[in-house]
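Have a look at the structure below before the remarks.
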Amino acid sequence: MNRPDYFNIIEERLNLLALRIISRGRLNILDFHGHSENFYQYFLNEVYGWTVTNENDIKQNVEAIDLIDHRNKFVIQVSSTASKQKIESSLSKNSIKNYNGYAFKFISIARDADDLRKDTFKNPYGINFTPSTDIIDKNSILSKIRGLHIDDQERIYQFVKKELVIEINPVRLESNLATVINILSKEDWDKSDPEAETNSFEIDRKISHNNLNAAKVIIDDYVVHYGRVDKIYTEFDSQGSNKSSSVLSTIRLEYAKAKSNLADDLLFFQVISKVKEKVLNSSNYISIPFDELELCINILVVDAFIRCKIFENPNNYNYATT
């Protein structure tokens, strides 16, 4: 099975965050910086195993100090500016005197700070500060993540995915959906399966009938893409390739195989997992970012649910064939 490249996804999200910070004007950078500071508080704990807390939650606007780790005894400044002047200004603040025995770390959240690690700095209060290790930027963080075990990379990926949400690009989404549909349509599937129906029905009623509580969140999120998927299926089918039948039958087959052992939410998420596995293992697989692949699979399984290809319909169910 092709293993998802968690590192590249993490790198992509951090690069986007850096670009957003760099592109902000001076008037609103502070508001966005606050969001980034909160993100990095938890992100650094995930990556390095620190116990960082936000000092500004306790003491508002502490000069030169944003985050602090009392267990490991160091203070952190999170900055969108990476310059010798910025670091020396921080080291000279009166607040530094209150942290005798602590070390000072500087986190550049937008700019490369490699040259600064080779520099020397005025340090009037003599706080512990070693530029080569205590100046941290995006690249040094990524280097740390690259060396971690795949399970740790997955844990960090899940955190980054949740915290750094990327808006969906409709054009790219349609392209990715078409790619995934094309991959699935070339797989072998049970040709005795009846031709796919396109049914309109009361989705909430069917969700309730099948006891889909956790899955309801996924269905509610992705039902809006039904028309987009239908458009892609129609375009493919108009070319005589009948890809909609192939893809829906593939999803239905995975549902049928899992149904003997699972039910309700567990069955729904197992179908998603097996369809994703099928795509990743396909000889026709064309690499797309893993989180975008997940999005496409979720949409296609929800679409199959809407079209009555998976899960049971309620008794006396009213629907219209479209």
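We label chains A, B, ... in the order they appear in the structure tokens, count residues from 1 in each chain, and number ligands from 1 in the order shown.
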Let's see if you can do this: from backbone DSSP, list all alpha helix (DSSP H) residues in region 77-120 of chain A, as a list of chain:residue names.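 After running DSSP on the backbone, region 77-120 of chain A has alpha helix (DSSP H) at A:Lys84, A:Gln85, A:Lys86, A:Ile87, A:Glu88, A:Ser89, A:Ser90, A:Leu91.
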Neighbour list for Ser92 (chain A) as a list in words, cut-off 7 Å, only C-alpha atoms, skip fewer than 2 positions in-chain: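 My reading of the contact set: Glu88, Ser89, Ser90, Asn94, Asn123 and Pro124 of chain A.
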Skipping near chain neighbours, those fewer than 2 positions away, what residues fall within 10 Å of Leu14 (chain A) using only C-alpha atoms, listed as a ChimeraX atom specification? /A:8-12,16-20,109-110,138-139,141-142,160,164
Please return as a list of chain:residue names: the residues of region 81-252 of chain A that backbone DSSP assigns to strand (DSSP E or B).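 Assigned to strand (DSSP E or B), within region 81-252 of chain A: A:Ala103, A:Phe104, A:Lys105, A:Phe106, A:Ile107, A:Ser108, A:Asn128, A:Ile135, A:Ile136, A:Asp137, A:Asn199, A:Ser200.
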Restricting to only C-alpha atoms, whichever of A:Thr81, A:Asn128, A:Asn15, A:Asn298 is closest to Lys274 (chain A) is A:Asn298
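Considering only C-alpha atoms, the residue among A:Asn182, A:Thr133, A:Ser95, A:Gln41 positioned nearest to Ser245 (chain A) is A:Asn182.
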When distances are computed from only C-alpha atoms, which of A:Val301, A:Asp264, A:Ile306, A:Asn176 shows the smallest separation from Tyr285 (chain A)?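 Closest candidate: A:Asn176.
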Near Gln158 (chain A), within 12 Å and counting only C-alpha atoms, which residues show up once chain neighbours fewer than 4 positions away are dropped, as an MDAnalysis selection string? chainID A and resid 6:7 9:10 13 43 46 151:154 162:165 290:291
Write to file, as a short mmCIF file (atom, residue, chain, number, x, y, z; two decimals), in the first residue's frame, the residues of the selection just made, with all heavy atoms.
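Once written, part-v8.cif looks like this:
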```
data_model
loop_
_atom_site.label_atom_id
_atom_site.label_comp_id
_atom_site.auth_asym_id
_atom_site.auth_seq_id
_atom_site.Cartn_x
_atom_site.Cartn_y
_atom_site.Cartn_z
N TYR A 6 2.80 12.17 4.91
CA TYR A 6 2.38 13.16 5.90
C TYR A 6 3.31 14.37 5.91
O TYR A 6 2.87 15.50 6.08
CB TYR A 6 2.33 12.52 7.29
CG TYR A 6 1.32 11.42 7.43
CD1 TYR A 6 1.71 10.12 7.74
CD2 TYR A 6 -0.04 11.66 7.26
CE1 TYR A 6 0.80 9.11 7.88
CE2 TYR A 6 -0.97 10.65 7.40
CZ TYR A 6 -0.55 9.37 7.70
OH TYR A 6 -1.47 8.37 7.83
N PHE A 7 4.60 14.11 5.74
CA PHE A 7 5.58 15.21 5.82
C PHE A 7 5.29 16.28 4.78
O PHE A 7 5.29 17.47 5.08
CB PHE A 7 7.01 14.68 5.65
CG PHE A 7 8.03 15.78 5.61
CD1 PHE A 7 8.50 16.34 6.79
CD2 PHE A 7 8.51 16.27 4.41
CE1 PHE A 7 9.43 17.38 6.76
CE2 PHE A 7 9.44 17.30 4.37
CZ PHE A 7 9.90 17.85 5.56
N ILE A 9 2.53 17.03 3.33
CA ILE A 9 1.30 17.75 3.64
C ILE A 9 1.56 18.78 4.73
O ILE A 9 1.10 19.93 4.65
CB ILE A 9 0.19 16.77 4.07
CG1 ILE A 9 -0.09 15.75 2.97
CG2 ILE A 9 -1.09 17.54 4.41
CD1 ILE A 9 -0.93 14.58 3.42
N ILE A 10 2.30 18.38 5.76
CA ILE A 10 2.66 19.32 6.83
C ILE A 10 3.45 20.49 6.25
O ILE A 10 3.19 21.65 6.56
CB ILE A 10 3.47 18.60 7.92
CG1 ILE A 10 2.61 17.54 8.62
CG2 ILE A 10 4.00 19.61 8.95
CD1 ILE A 10 3.41 16.59 9.50
N ARG A 13 1.23 22.95 4.39
CA ARG A 13 0.41 23.80 5.26
C ARG A 13 1.25 24.89 5.93
O ARG A 13 0.82 26.04 6.06
CB ARG A 13 -0.29 22.95 6.31
CG ARG A 13 -1.34 21.98 5.76
CD ARG A 13 -2.54 22.72 5.21
NE ARG A 13 -3.47 21.82 4.54
CZ ARG A 13 -4.52 21.24 5.12
NH1 ARG A 13 -4.76 21.43 6.39
NH2 ARG A 13 -5.30 20.45 4.41
N PHE A 43 1.62 23.51 18.45
CA PHE A 43 2.39 22.84 17.41
C PHE A 43 3.78 22.45 17.92
O PHE A 43 4.26 21.33 17.70
CB PHE A 43 2.50 23.76 16.20
CG PHE A 43 3.29 23.20 15.05
CD1 PHE A 43 2.92 22.01 14.44
CD2 PHE A 43 4.41 23.87 14.57
CE1 PHE A 43 3.65 21.50 13.37
CE2 PHE A 43 5.13 23.37 13.50
CZ PHE A 43 4.75 22.17 12.91
N GLU A 46 3.65 19.49 20.09
CA GLU A 46 3.48 18.27 19.32
C GLU A 46 4.80 17.80 18.71
O GLU A 46 5.11 16.62 18.71
CB GLU A 46 2.45 18.49 18.20
CG GLU A 46 1.02 18.71 18.65
CD GLU A 46 0.35 17.43 19.12
OE1 GLU A 46 0.85 16.34 18.77
OE2 GLU A 46 -0.66 17.53 19.84
N ASP A 151 4.45 7.30 12.70
CA ASP A 151 3.30 7.48 13.59
C ASP A 151 3.27 8.88 14.19
O ASP A 151 2.20 9.47 14.35
CB ASP A 151 3.33 6.43 14.72
CG ASP A 151 3.10 5.02 14.21
OD1 ASP A 151 2.56 4.88 13.10
OD2 ASP A 151 3.46 4.06 14.93
N ASP A 152 4.46 9.40 14.52
CA ASP A 152 4.54 10.77 15.03
C ASP A 152 4.21 11.78 13.94
O ASP A 152 3.56 12.80 14.19
CB ASP A 152 5.92 11.05 15.60
CG ASP A 152 6.20 10.25 16.87
OD1 ASP A 152 5.30 10.18 17.72
OD2 ASP A 152 7.30 9.68 16.98
N GLN A 153 4.65 11.51 12.70
CA GLN A 153 4.32 12.38 11.59
C GLN A 153 2.80 12.41 11.36
O GLN A 153 2.23 13.47 11.09
CB GLN A 153 5.03 11.93 10.32
CG GLN A 153 6.53 12.16 10.35
CD GLN A 153 7.19 11.85 9.01
OE1 GLN A 153 6.54 11.43 8.06
NE2 GLN A 153 8.50 12.05 8.95
N GLU A 154 2.16 11.24 11.49
CA GLU A 154 0.71 11.19 11.31
C GLU A 154 0.01 12.00 12.40
O GLU A 154 -0.96 12.73 12.13
CB GLU A 154 0.21 9.76 11.33
CG GLU A 154 -1.30 9.66 11.14
CD GLU A 154 -1.82 8.24 11.13
OE1 GLU A 154 -1.04 7.32 11.45
OE2 GLU A 154 -3.01 8.05 10.83
N LYS A 162 -6.20 19.92 11.22
CA LYS A 162 -7.32 20.49 11.96
C LYS A 162 -7.14 21.99 12.18
O LYS A 162 -8.10 22.76 12.09
CB LYS A 162 -7.47 19.77 13.30
CG LYS A 162 -8.62 20.28 14.16
CD LYS A 162 -8.77 19.47 15.43
CE LYS A 162 -7.60 19.72 16.37
NZ LYS A 162 -7.78 19.06 17.68
N GLU A 163 -5.91 22.41 12.47
CA GLU A 163 -5.66 23.79 12.86
C GLU A 163 -5.49 24.74 11.67
O GLU A 163 -5.87 25.90 11.74
CB GLU A 163 -4.41 23.85 13.74
CG GLU A 163 -4.58 23.22 15.10
CD GLU A 163 -5.57 23.96 15.97
OE1 GLU A 163 -5.58 25.20 15.93
OE2 GLU A 163 -6.34 23.30 16.69
N LEU A 164 -4.87 24.25 10.59
CA LEU A 164 -4.61 25.11 9.44
C LEU A 164 -5.51 24.69 8.29
O LEU A 164 -5.10 23.99 7.37
CB LEU A 164 -3.14 25.03 9.03
CG LEU A 164 -2.11 25.48 10.08
CD1 LEU A 164 -0.70 25.37 9.53
CD2 LEU A 164 -2.40 26.90 10.56
N VAL A 165 -6.75 25.09 8.37
CA VAL A 165 -7.74 24.71 7.37
C VAL A 165 -7.51 25.50 6.09
O VAL A 165 -7.37 26.73 6.12
CB VAL A 165 -9.17 24.95 7.89
CG1 VAL A 165 -10.19 24.58 6.82
CG2 VAL A 165 -9.41 24.15 9.16
N PHE A 290 -2.47 14.01 -0.03
CA PHE A 290 -3.26 13.02 0.69
C PHE A 290 -4.54 13.61 1.28
O PHE A 290 -5.60 12.97 1.27
CB PHE A 290 -2.41 12.38 1.80
CG PHE A 290 -3.09 11.27 2.52
CD1 PHE A 290 -3.40 10.07 1.87
CD2 PHE A 290 -3.44 11.40 3.85
CE1 PHE A 290 -4.03 9.05 2.52
CE2 PHE A 290 -4.08 10.37 4.52
CZ PHE A 290 -4.37 9.19 3.86
N ASP A 291 -4.47 14.83 1.83
CA ASP A 291 -5.68 15.41 2.41
C ASP A 291 -6.71 15.73 1.34
O ASP A 291 -7.92 15.65 1.58
CB ASP A 291 -5.36 16.65 3.26
CG ASP A 291 -4.55 17.69 2.54
OD1 ASP A 291 -3.98 17.37 1.47
OD2 ASP A 291 -4.46 18.83 3.04
#
```
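Across the structure, CA of Lys84 (chain A) and CA of Ala103 (chain A) are spaced 17.7 Å apart.
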Residue with smallest distance to Lys144 (chain A) - pool A:Leu300, A:Val47, A:Tyr42, A:Thr53, counting only C-alpha atoms: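 Closest to Lys144 (chain A), using only C-alpha atoms: A:Val47.
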One-decimal distance in Å that lies between CA of Leu253 (chain A) and CA of Asp237 (chain A):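 Between CA of Asp237 (chain A) and CA of Leu253 (chain A) the gap works out to 20.5 Å.
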Report the distance between CA of Val52 (chain A) and CA of Asn100 (chain A) in Å, rounded to one decimal place.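 About the pair CA of Val52 (chain A) and CA of Asn100 (chain A): they are 17.6 Å apart.
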Looking at A:Lys122, A:Arg307, A:Lys161, A:Lys278, which one is nearest to Tyr226 (chain A), with distances taken over only C-alpha atoms?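 Answer, going by the shortest atom-to-atom distance: A:Arg307.
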Do you know which residues are at most 9 Å from region 269-271 of chain A counting only C-alpha atoms, after dropping those on the same chain fewer than 6 positions away, and could you put them as a list in words?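 Everything that qualifies: Ala215, Ile251, Arg252, Glu254, Tyr255, Ala258, Leu262 and Val301 of chain A.
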